[in-house]
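Asks: Handing over target14.csv, CSV, C-alpha atoms.
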```csv
chain,number,residue,atom,x,y,z
A,24,MET,CA,-28.8,33.9,35.5
A,25,GLU,CA,-31.6,31.7,36.9
A,26,LYS,CA,-33.0,34.7,38.8
A,27,PHE,CA,-32.8,36.9,35.7
A,28,ILE,CA,-34.7,34.4,33.6
A,29,PHE,CA,-37.7,34.0,35.9
A,30,GLU,CA,-37.9,37.6,37.1
A,31,GLN,CA,-38.0,39.0,33.6
A,32,THR,CA,-40.7,36.8,32.1
A,33,THR,CA,-44.4,37.1,32.6
A,34,LEU,CA,-45.3,34.4,30.2
A,35,PHE,CA,-45.3,31.6,32.8
A,36,SER,CA,-47.7,31.2,35.8
A,37,GLU,CA,-46.3,30.7,39.3
A,38,ASP,CA,-47.1,27.0,39.1
A,39,ILE,CA,-45.1,26.6,35.9
A,40,ILE,CA,-42.2,28.7,37.3
A,41,ALA,CA,-42.3,26.5,40.5
A,42,LEU,CA,-42.3,23.4,38.3
A,43,LEU,CA,-39.3,24.7,36.3
A,44,LYS,CA,-37.4,25.6,39.5
A,45,SER,CA,-38.0,22.2,41.1
A,46,THR,CA,-35.1,19.8,41.1
A,47,VAL,CA,-35.2,16.4,39.4
A,48,PHE,CA,-32.1,14.3,39.0
A,49,VAL,CA,-29.6,16.7,40.6
A,50,MET,CA,-30.7,19.7,38.4
A,51,PRO,CA,-33.7,22.0,38.1
A,52,ASN,CA,-36.1,21.1,35.4
A,53,TRP,CA,-35.5,24.3,33.4
A,54,LYS,CA,-31.8,23.3,33.0
A,55,TRP,CA,-32.9,19.9,31.7
A,56,GLY,CA,-35.2,21.7,29.3
A,57,VAL,CA,-32.5,24.1,28.0
A,58,LEU,CA,-30.1,21.1,27.7
A,59,ALA,CA,-32.6,19.1,25.7
A,60,ILE,CA,-33.3,22.0,23.4
A,61,ALA,CA,-29.5,22.6,22.9
A,62,LEU,CA,-28.9,18.9,22.1
A,63,SER,CA,-31.8,18.9,19.6
A,64,VAL,CA,-30.6,22.2,18.0
A,65,GLY,CA,-27.1,20.6,17.7
A,66,PHE,CA,-28.3,17.5,15.9
A,67,VAL,CA,-30.3,19.8,13.5
A,68,LEU,CA,-27.4,22.2,13.0
A,69,ARG,CA,-24.8,19.5,12.3
A,70,PRO,CA,-25.9,18.5,8.8
A,71,LEU,CA,-26.6,22.1,7.9
A,72,ILE,CA,-23.0,23.1,9.0
A,73,GLN,CA,-21.6,20.1,7.1
A,74,PHE,CA,-23.5,21.2,4.0
A,75,ILE,CA,-22.2,24.8,4.3
A,76,LEU,CA,-18.6,23.6,4.8
A,77,LYS,CA,-18.9,21.3,1.8
A,78,GLU,CA,-20.2,24.1,-0.4
A,79,ILE,CA,-17.4,26.4,0.7
A,80,LYS,CA,-14.8,23.7,0.0
A,81,LYS,CA,-16.3,23.0,-3.4
A,82,HIS,CA,-16.1,26.6,-4.5
A,83,ASN,CA,-12.6,27.2,-3.0
A,84,PRO,CA,-10.3,28.5,-5.8
A,85,PHE,CA,-7.2,27.6,-3.8
A,86,ILE,CA,-7.7,23.8,-4.5
A,87,LYS,CA,-7.7,24.4,-8.3
A,88,LYS,CA,-4.8,26.8,-8.2
A,89,TYR,CA,-2.6,24.7,-6.0
A,90,PRO,CA,-3.8,21.1,-6.4
A,91,LYS,CA,-0.5,19.6,-5.0
A,92,SER,CA,-0.4,21.6,-1.8
A,93,PHE,CA,-1.1,20.3,1.7
A,94,SER,CA,-4.2,22.4,2.0
A,95,ALA,CA,-5.6,21.1,-1.3
A,96,TYR,CA,-5.0,17.5,-0.3
A,97,LEU,CA,-6.6,18.1,3.1
A,98,LEU,CA,-9.6,19.9,1.7
A,99,ASN,CA,-10.2,17.1,-0.9
A,100,GLN,CA,-10.9,14.7,2.0
A,101,LYS,CA,-14.2,14.6,4.0
A,102,ILE,CA,-13.0,17.0,6.7
A,103,GLU,CA,-16.4,18.7,6.9
A,104,HIS,CA,-18.0,15.8,8.8
A,105,PRO,CA,-15.6,15.9,11.9
A,106,THR,CA,-15.4,19.7,11.7
A,107,ALA,CA,-19.2,20.1,11.8
A,108,TRP,CA,-19.3,17.7,14.8
A,109,LEU,CA,-16.6,19.7,16.6
A,110,LEU,CA,-18.5,23.0,16.1
A,111,VAL,CA,-21.7,21.4,17.5
A,112,ILE,CA,-19.8,19.9,20.5
A,113,PHE,CA,-18.3,23.3,21.3
A,114,PHE,CA,-21.8,24.7,21.1
A,115,TRP,CA,-22.9,22.1,23.7
A,116,PHE,CA,-19.9,23.1,25.8
A,117,GLY,CA,-21.0,26.7,25.7
A,118,ILE,CA,-24.6,25.9,26.7
A,119,GLY,CA,-23.3,23.8,29.6
A,120,ASP,CA,-21.2,26.7,30.9
A,121,ALA,CA,-24.1,29.2,30.3
A,122,ILE,CA,-26.6,27.3,32.4
A,123,THR,CA,-24.0,26.4,35.0
A,124,LEU,CA,-24.3,22.6,35.3
A,125,THR,CA,-23.4,21.4,38.8
A,126,GLY,CA,-22.5,18.2,40.6
A,127,LYS,CA,-21.5,14.9,39.2
A,128,PHE,CA,-23.6,15.5,36.1
A,129,GLU,CA,-21.4,18.4,35.1
A,130,VAL,CA,-18.3,16.1,35.4
A,131,TYR,CA,-19.9,13.3,33.3
A,132,TYR,CA,-21.2,15.9,30.8
A,133,ASN,CA,-17.8,17.4,30.3
A,134,HIS,CA,-16.0,14.1,30.2
A,135,PHE,CA,-18.4,12.8,27.5
A,136,LEU,CA,-18.0,15.9,25.3
A,137,ARG,CA,-14.2,15.8,25.7
A,138,GLY,CA,-14.3,12.2,24.6
A,139,LEU,CA,-16.2,13.2,21.5
A,140,VAL,CA,-13.8,16.0,20.8
A,141,ALA,CA,-10.9,13.5,21.1
A,142,ILE,CA,-12.5,11.2,18.6
A,143,TYR,CA,-13.1,13.8,15.9
A,144,VAL,CA,-9.7,15.5,16.5
A,145,ILE,CA,-8.2,12.1,15.9
A,146,ARG,CA,-10.1,11.8,12.6
A,147,LEU,CA,-9.0,15.3,11.5
A,148,LEU,CA,-5.3,14.5,12.4
A,149,TYR,CA,-5.7,11.2,10.4
A,150,TYR,CA,-6.7,13.3,7.4
A,151,CYS,CA,-3.8,15.6,8.0
A,152,VAL,CA,-1.4,12.7,7.9
A,153,ASP,CA,-2.9,11.5,4.6
A,154,ALA,CA,-2.5,15.0,3.1
A,155,MET,CA,1.1,15.2,4.4
A,156,SER,CA,1.8,11.8,2.9
A,157,ASN,CA,0.5,12.9,-0.5
A,158,VAL,CA,2.8,16.0,-0.4
A,159,PHE,CA,5.9,13.9,0.5
A,160,ALA,CA,4.9,11.3,-2.1
A,161,ASP,CA,4.9,14.0,-4.8
A,162,MET,CA,8.3,15.2,-3.6
A,163,ALA,CA,9.7,11.6,-3.6
A,164,ALA,CA,8.4,11.0,-7.1
A,165,LYS,CA,10.6,13.9,-8.3
A,166,THR,CA,13.8,12.3,-7.0
A,167,GLU,CA,15.9,9.6,-8.7
A,168,SER,CA,16.2,7.5,-5.5
A,169,THR,CA,13.5,4.9,-4.8
A,170,TYR,CA,14.3,4.7,-1.1
A,171,ASP,CA,12.1,7.7,-0.3
A,172,ASP,CA,9.2,6.1,-2.3
A,173,GLN,CA,9.2,3.2,0.2
A,174,LEU,CA,9.8,5.4,3.3
A,175,VAL,CA,6.8,7.7,2.7
A,176,PRO,CA,4.1,5.0,3.0
A,177,PHE,CA,5.8,3.4,6.0
A,178,ALA,CA,6.1,6.8,7.8
A,179,SER,CA,2.5,7.5,6.9
A,180,LYS,CA,1.3,4.3,8.5
A,181,THR,CA,3.5,4.9,11.5
A,182,LEU,CA,2.1,8.4,12.1
A,183,LYS,CA,-1.5,7.1,11.7
A,184,VAL,CA,-0.9,4.4,14.4
A,185,LEU,CA,0.6,7.0,16.7
A,186,VAL,CA,-2.3,9.4,16.1
A,187,VAL,CA,-4.8,6.6,16.9
A,188,VAL,CA,-2.9,5.4,20.0
A,189,LEU,CA,-2.3,8.8,21.4
A,190,GLY,CA,-5.9,9.8,20.6
A,191,VAL,CA,-7.3,6.8,22.5
A,192,LEU,CA,-5.1,7.6,25.5
A,193,ILE,CA,-6.2,11.2,25.5
A,194,ALA,CA,-9.8,10.1,25.2
A,195,LEU,CA,-9.4,7.8,28.2
A,196,GLN,CA,-7.8,10.7,30.1
A,197,SER,CA,-10.7,12.9,29.2
A,198,PHE,CA,-13.0,10.4,30.9
A,199,GLY,CA,-11.1,10.9,34.1
A,200,LEU,CA,-8.9,7.8,33.9
A,201,ASN,CA,-5.3,8.2,35.0
A,202,VAL,CA,-3.7,6.7,31.9
A,203,MET,CA,-0.2,6.6,33.4
A,204,SER,CA,-1.4,4.7,36.5
A,205,LEU,CA,-3.4,2.4,34.2
A,206,LEU,CA,-0.3,1.6,32.1
A,207,ALA,CA,1.9,1.2,35.2
A,208,GLY,CA,-0.7,-1.1,36.8
A,209,LEU,CA,-0.8,-3.6,34.0
A,210,GLY,CA,1.9,-5.6,35.7
A,211,LEU,CA,1.8,-9.3,34.6
A,212,GLY,CA,-0.9,-8.4,32.1
A,213,GLY,CA,1.5,-6.1,30.4
A,214,LEU,CA,4.2,-8.8,30.4
A,215,ALA,CA,1.7,-11.3,28.9
A,216,LEU,CA,0.8,-8.7,26.3
A,217,ALA,CA,4.4,-8.2,25.4
A,218,LEU,CA,5.0,-11.9,25.0
A,219,ALA,CA,1.9,-12.2,22.8
A,220,ALA,CA,3.1,-9.3,20.7
A,221,GLN,CA,6.7,-10.6,20.2
A,222,ASP,CA,5.9,-11.8,16.6
A,223,THR,CA,4.4,-8.4,15.8
A,224,ALA,CA,7.5,-6.7,17.2
A,225,ALA,CA,9.8,-9.0,15.2
A,226,ASN,CA,7.8,-8.1,12.0
A,227,LEU,CA,8.0,-4.4,12.8
A,228,PHE,CA,11.8,-4.6,13.2
A,229,GLY,CA,11.9,-6.6,10.0
A,230,SER,CA,10.0,-3.8,8.3
A,231,ILE,CA,12.6,-1.3,9.6
A,232,THR,CA,15.4,-3.5,8.4
A,233,ILE,CA,13.9,-3.8,4.9
A,234,LEU,CA,13.4,0.0,4.7
A,235,PHE,CA,17.0,0.9,5.7
A,236,ASP,CA,18.8,-2.0,4.0
A,237,HIS,CA,16.4,-1.8,1.0
A,238,PRO,CA,17.2,-5.3,-0.5
A,239,PHE,CA,14.2,-4.7,-2.7
A,240,LYS,CA,11.5,-2.0,-3.5
A,241,VAL,CA,7.9,-1.9,-4.6
A,242,GLY,CA,7.8,-3.1,-8.2
A,243,ASP,CA,10.9,-5.4,-8.0
A,244,TRP,CA,10.7,-9.0,-9.2
A,245,VAL,CA,12.0,-11.1,-6.3
A,246,LYS,CA,12.5,-14.8,-5.4
A,247,VAL,CA,12.1,-15.8,-1.7
A,248,LYS,CA,12.5,-19.6,-1.1
A,249,ASP,CA,10.0,-21.2,-3.5
A,250,MET,CA,8.0,-18.0,-3.9
A,251,GLU,CA,8.4,-15.6,-6.8
A,252,GLY,CA,6.7,-12.5,-8.0
A,253,THR,CA,6.5,-8.7,-8.0
A,254,VAL,CA,6.6,-6.7,-4.7
A,255,GLU,CA,3.3,-4.9,-4.4
A,256,GLU,CA,3.4,-3.5,-0.8
A,257,ILE,CA,5.8,-3.3,2.1
A,258,GLY,CA,3.7,-3.0,5.3
A,259,PHE,CA,4.2,-3.0,9.0
A,260,ARG,CA,3.8,-6.7,9.5
A,261,SER,CA,4.3,-8.2,6.1
A,262,THR,CA,5.3,-7.8,2.5
A,263,ARG,CA,2.8,-8.6,-0.3
A,264,ILE,CA,4.1,-10.2,-3.5
A,265,ARG,CA,2.0,-10.6,-6.6
A,266,THR,CA,2.9,-13.9,-8.2
A,267,PHE,CA,2.9,-14.6,-11.9
A,268,TYR,CA,-0.3,-16.6,-11.4
A,269,ASN,CA,-1.9,-13.3,-10.3
A,270,SER,CA,-2.3,-14.5,-6.7
A,271,VAL,CA,-1.0,-12.5,-3.7
A,272,ILE,CA,1.5,-14.0,-1.2
A,273,THR,CA,1.7,-12.3,2.2
A,274,ILE,CA,5.2,-13.0,3.8
A,275,PRO,CA,5.9,-11.8,7.4
A,276,ASN,CA,8.7,-9.2,7.4
A,277,ALA,CA,10.6,-11.1,10.1
A,278,MET,CA,11.0,-13.9,7.6
A,279,MET,CA,11.8,-11.5,4.7
A,280,ALA,CA,14.6,-9.9,6.9
A,281,LYS,CA,16.4,-13.2,7.5
A,282,GLU,CA,15.8,-15.1,4.3
A,283,THR,CA,18.0,-15.0,1.2
A,284,ILE,CA,16.3,-12.8,-1.3
A,285,ASP,CA,17.1,-13.0,-5.0
A,286,ASN,CA,16.2,-9.6,-6.5
A,287,MET,CA,15.7,-10.2,-10.2
A,288,GLY,CA,14.4,-6.6,-10.7
A,289,ILE,CA,17.8,-4.9,-10.2
A,290,ARG,CA,19.8,-6.8,-12.8
A,291,PRO,CA,21.5,-4.5,-15.2
A,292,PHE,CA,21.4,-7.3,-17.8
A,293,ARG,CA,19.2,-10.3,-18.2
A,294,ARG,CA,20.7,-13.5,-19.5
A,295,ILE,CA,19.1,-15.4,-22.4
A,296,ARG,CA,20.4,-18.9,-23.0
A,297,GLN,CA,19.0,-21.3,-25.6
A,298,ILE,CA,20.1,-24.6,-27.2
A,299,LEU,CA,19.4,-24.9,-30.9
A,300,GLY,CA,19.3,-28.5,-32.1
A,301,LEU,CA,20.2,-28.9,-35.8
A,302,THR,CA,19.7,-32.1,-37.8
A,303,TYR,CA,22.7,-34.5,-38.3
A,304,GLU,CA,22.3,-34.0,-42.0
A,305,THR,CA,23.4,-30.3,-41.7
A,306,PRO,CA,26.9,-29.9,-43.4
A,307,PRO,CA,29.7,-28.5,-41.3
A,308,GLU,CA,30.2,-25.5,-43.5
A,309,LYS,CA,26.5,-24.6,-43.2
A,310,ILE,CA,26.7,-24.9,-39.4
A,311,GLU,CA,29.6,-22.5,-39.3
A,312,GLN,CA,27.7,-20.0,-41.6
A,313,PHE,CA,24.6,-20.3,-39.5
A,314,CYS,CA,26.5,-19.6,-36.3
A,315,ASP,CA,28.2,-16.6,-37.9
A,316,GLN,CA,24.9,-15.1,-39.1
A,317,VAL,CA,23.1,-15.6,-35.9
A,318,ARG,CA,26.0,-14.2,-33.9
A,319,TYR,CA,26.2,-11.1,-36.1
A,320,MET,CA,22.4,-10.6,-36.0
A,321,ILE,CA,22.3,-10.7,-32.2
A,322,LYS,CA,25.2,-8.3,-31.8
A,323,GLN,CA,23.4,-5.8,-33.9
A,324,HIS,CA,20.3,-5.8,-31.6
A,325,PRO,CA,20.2,-2.4,-29.7
A,326,LYS,CA,19.3,-4.0,-26.4
A,327,VAL,CA,22.0,-6.7,-26.5
A,328,ASN,CA,25.4,-6.4,-24.8
A,329,PRO,CA,27.7,-7.5,-27.7
A,330,ASP,CA,30.5,-8.6,-25.4
A,331,THR,CA,28.3,-11.3,-23.9
A,332,VAL,CA,27.2,-12.9,-27.2
A,333,THR,CA,28.1,-16.6,-27.7
A,334,VAL,CA,26.9,-18.7,-30.6
A,335,ASN,CA,28.8,-21.9,-31.1
A,336,PHE,CA,28.3,-25.5,-32.0
A,337,ASN,CA,29.1,-27.2,-28.7
A,338,ASN,CA,27.5,-30.7,-28.4
A,339,TYR,CA,26.7,-33.9,-30.1
A,340,ASN,CA,23.2,-34.8,-28.8
A,341,ALA,CA,21.4,-38.1,-29.3
A,342,SER,CA,19.3,-36.7,-32.2
A,343,SER,CA,20.8,-33.3,-32.9
A,344,LEU,CA,23.8,-31.2,-33.3
A,345,ASP,CA,23.5,-28.6,-30.6
A,346,VAL,CA,24.3,-24.9,-31.0
A,347,LEU,CA,24.6,-22.8,-27.8
A,348,VAL,CA,23.1,-19.3,-28.0
A,349,ASN,CA,23.9,-17.1,-25.0
A,350,PHE,CA,23.6,-13.3,-24.7
A,351,HIS,CA,22.4,-10.6,-22.2
A,352,LEU,CA,19.7,-8.0,-22.7
A,353,GLN,CA,19.8,-4.6,-21.1
A,354,VAL,CA,16.2,-4.3,-20.0
A,355,PHE,CA,14.5,-3.6,-16.6
A,356,THR,CA,11.1,-5.4,-16.8
A,357,GLY,CA,9.9,-8.9,-17.6
A,358,ALA,CA,7.7,-7.6,-20.3
A,359,GLU,CA,10.7,-5.9,-22.1
A,360,GLU,CA,12.7,-9.1,-21.7
A,361,LEU,CA,10.1,-11.3,-23.4
A,362,GLN,CA,9.5,-8.7,-26.1
A,363,HIS,CA,13.2,-8.5,-27.2
A,364,GLN,CA,13.8,-12.2,-26.7
A,365,GLN,CA,11.0,-13.0,-29.1
A,366,ALA,CA,12.4,-10.6,-31.6
A,367,VAL,CA,15.8,-12.3,-31.5
A,368,PHE,CA,14.3,-15.8,-31.7
A,369,VAL,CA,12.1,-14.9,-34.7
A,370,GLU,CA,15.2,-13.5,-36.5
A,371,ILE,CA,16.9,-16.9,-35.8
A,372,LEU,CA,14.0,-18.7,-37.5
A,373,LYS,CA,14.3,-16.4,-40.5
A,374,ILE,CA,18.0,-17.0,-40.8
A,375,ALA,CA,17.5,-20.8,-40.6
A,376,ALA,CA,14.7,-20.7,-43.2
A,377,SER,CA,16.8,-18.6,-45.6
A,378,MET,CA,19.8,-21.0,-45.2
A,379,GLU,CA,17.6,-24.1,-45.4
A,380,VAL,CA,18.9,-25.3,-42.0
A,381,ASP,CA,16.5,-27.7,-40.3
A,382,PHE,CA,16.0,-28.0,-36.6
A,383,ALA,CA,16.0,-31.5,-35.2
A,384,TYR,CA,13.4,-33.2,-33.1
A,385,PRO,CA,13.7,-36.5,-31.2
A,386,THR,CA,14.0,-39.3,-33.7
A,387,GLN,CA,14.9,-43.0,-33.5
A,388,THR,CA,16.1,-45.2,-36.3
A,389,VAL,CA,15.2,-48.9,-36.1
A,390,TYR,CA,17.1,-51.5,-38.3
A,391,HIS,CA,15.1,-54.6,-39.1
A,392,LYS,CA,17.0,-57.7,-40.3
A,393,LYS,CA,14.9,-59.8,-42.7
A,394,GLY,CA,13.7,-63.1,-41.4
A,395,GLU,CA,14.2,-62.3,-37.7
A,396,ALA,CA,11.4,-61.4,-35.3
A,397,VAL,CA,11.7,-58.0,-33.7
A,398,PRO,CA,10.4,-57.7,-30.2
A,399,PRO,CA,7.9,-54.9,-29.7
A,400,THR,CA,9.3,-51.6,-28.3
A,401,PHE,CA,7.3,-49.9,-25.5
```
Would you mind writing the file out in structure tokens?
Replies:
Amino acid sequence: MEKFIFEQTTLFSEDIIALLKSTVFVMPNWKWGVLAIALSVGFVLRPLIQFILKEIKKHNPFIKKYPKSFSAYLLNQKIEHPTAWLLVIFFWFGIGDAITLTGKFEVYYNHFLRGLVAIYVIRLLYYCVDAMSNVFADMAAKTESTYDDQLVPFASKTLKVLVVVLGVLIALQSFGLNVMSLLAGLGLGGLALALAAQDTAANLFGSITILFDHPFKVGDWVKVKDMEGTVEEIGFRSTRIRTFYNSVITIPNAMMAKETIDNMGIRPFRRIRQILGLTYETPPEKIEQFCDQVRYMIKQHPKVNPDTVTVNFNNYNASSLDVLVNFHLQVFTGAEELQHQQAVFVEILKIAASMEVDFAYPTQTVYHKKGEAVPPTF
């Protein structure tokens, strides 16, 4: 090819031809020139290719026709950036083969380009995992089970980690490093790394235990030790819980796997218990009528389990006659529980007002005997 180039052109003088043929830094100057032009053209073409790919993607009717497909999810991500770089890198590979690079420079050139290919292939595979996760998430949303809803994000994160780790190993291999020998040669360093990562491994196995045992799921209201809130995310290393103060608690999964977890979110019924203190001036007949009306009203509530309703006068308190009100609501969220509890409590107030039943509050009667000093009470 070199002979063809210089024998077919008459545009260069013999001095220029001699200069181009002369070797500087292991290659003739003309190869350095072609390589520099190719690299410049590649950097100019890359944004142009990216723009063209973006326009093609924007006007692709497949995305609008099948918005929930793998291809649509993949195309909706920024795949044009790594794709444009890969096309430019393959162009540089072709130029390198065309001008026949030689020596160690060819080895370094090819290793460098292979490393770039590995980086952008990793990025494309990362986008593919995201698209696949969206497809499986849509499928999981259609099922009644919540187990697959938790499994899809965990599997997605696992695949992403595998893609990155394998991609890095392949990139190292492309630079001429023997990865297997490198891993085998870690020796004591590998042992030290394993000891340092034992907590991470424990948390990972804790994550697996949570996913397969599923003591709770995302969205459940749980209590762990003195921590309480709604599960927001189950990750590799930890579980995030949104407290009722709107803060986020991050609990290692190793701890979650061995602690006692009180899952308040899976209760089929939620217990409501309240003590109503009536004044001592309330006649016995009125107490009985009040209890009967409150009991009947609660049993008529559509969310109350009528078999669990208890409304009875059960205690002589220091300043009140106590009526125990106990029932269970068939609700699944804290907001529903509070809403229906309020409705029941408001009806109790209406019944008390209509019957002229007064609720007691802490009182104290002091008897003063005339002529005697009464010590002050603190």
Asks: To one decimal place, how far is CA of Leu344 (chain A) from CA of Gly300 (chain A) in Å?
Replies: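 So the answer is 5.4 Å.
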Asks: Select, from A:Phe128, A:Phe66, A:Tyr303, A:Phe267, the residue with the minimum atom-to-atom distance to Tyr384 (chain A), counting all atoms listed in the file.
Replies: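 Of A:Phe128, A:Phe66, A:Tyr303, A:Phe267, the one nearest Tyr384 (chain A), counting all atoms listed in the file, is A:Tyr303.
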Asks: Please report the interatomic distance between CA of Ile60 (chain A) and CA of Lys77 (chain A) in Å with one decimal.
Replies: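 Atom-to-atom, CA of Ile60 (chain A) and CA of Lys77 (chain A) are spaced 26.0 Å apart.
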Asks: What's the 12 Å shell around region 109-126 of chain A, counting all atoms listed in the file, without same-chain residues fewer than 2 positions away, as a VMD selection string?
Replies: chain A and resid 24 to 28 48 to 73 76 102 to 107 128 to 147
Asks: Quick one: everything within 9 Å of Ala160 (chain A), counting all atoms listed in the file, minus sequence neighbours fewer than 3 positions away in the same chain. Send it as a list in words.
Replies: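 With the cut-off at 9 Å, the set is Met155, Ser156, Asn157, Ala163, Ala164, Lys165, Asp171, Asp172, Val175 and Pro176 of chain A.
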Asks: Given all atoms listed in the file as the basis, pick out the residue of A:His324, A:Leu148, A:Val158, A:Ser270 nearest to Tyr96 (chain A).
Replies: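 Of all the options, A:Val158 lies closest to Tyr96 (chain A).
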Asks: What is the CA of Gly229 (chain A)-CA of Thr262 (chain A) distance in Å, reported with one decimal?
Replies: 10.1 Å
Asks: Quick one: of A:Thr273, A:Ser92, A:Gln196, A:Ser342, who's nearest to Ser261 (chain A), counting all atoms listed in the file?
Replies: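 Among the listed residues, A:Thr273 lies closest to Ser261 (chain A).
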Asks: Calculated over all atoms listed in the file, which of the candidates A:Asp345, A:Glu251, A:Glu360, A:Asp161 has the smallest distance to Thr302 (chain A)?
Replies: A:Asp345
Asks: List as an MDAnalysis selection string the protein and nucleic acid residues near Lys240 (chain A), meaning an atom at most 10 Å away when all atoms listed in the file are counted, but skip any in the same chain fewer than 2 places from it.
Replies: chainID A and resid 169:170 172:173 233:234 237:238 242:245 253:257 286 288:289
Asks: May I ask which of the residues A:Val380, A:Ile264, A:Val369, A:Val327 is the closest one to Glu311 (chain A), counting all atoms listed in the file?
Replies: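 Closest to Glu311 (chain A) of all the choices is A:Val380.
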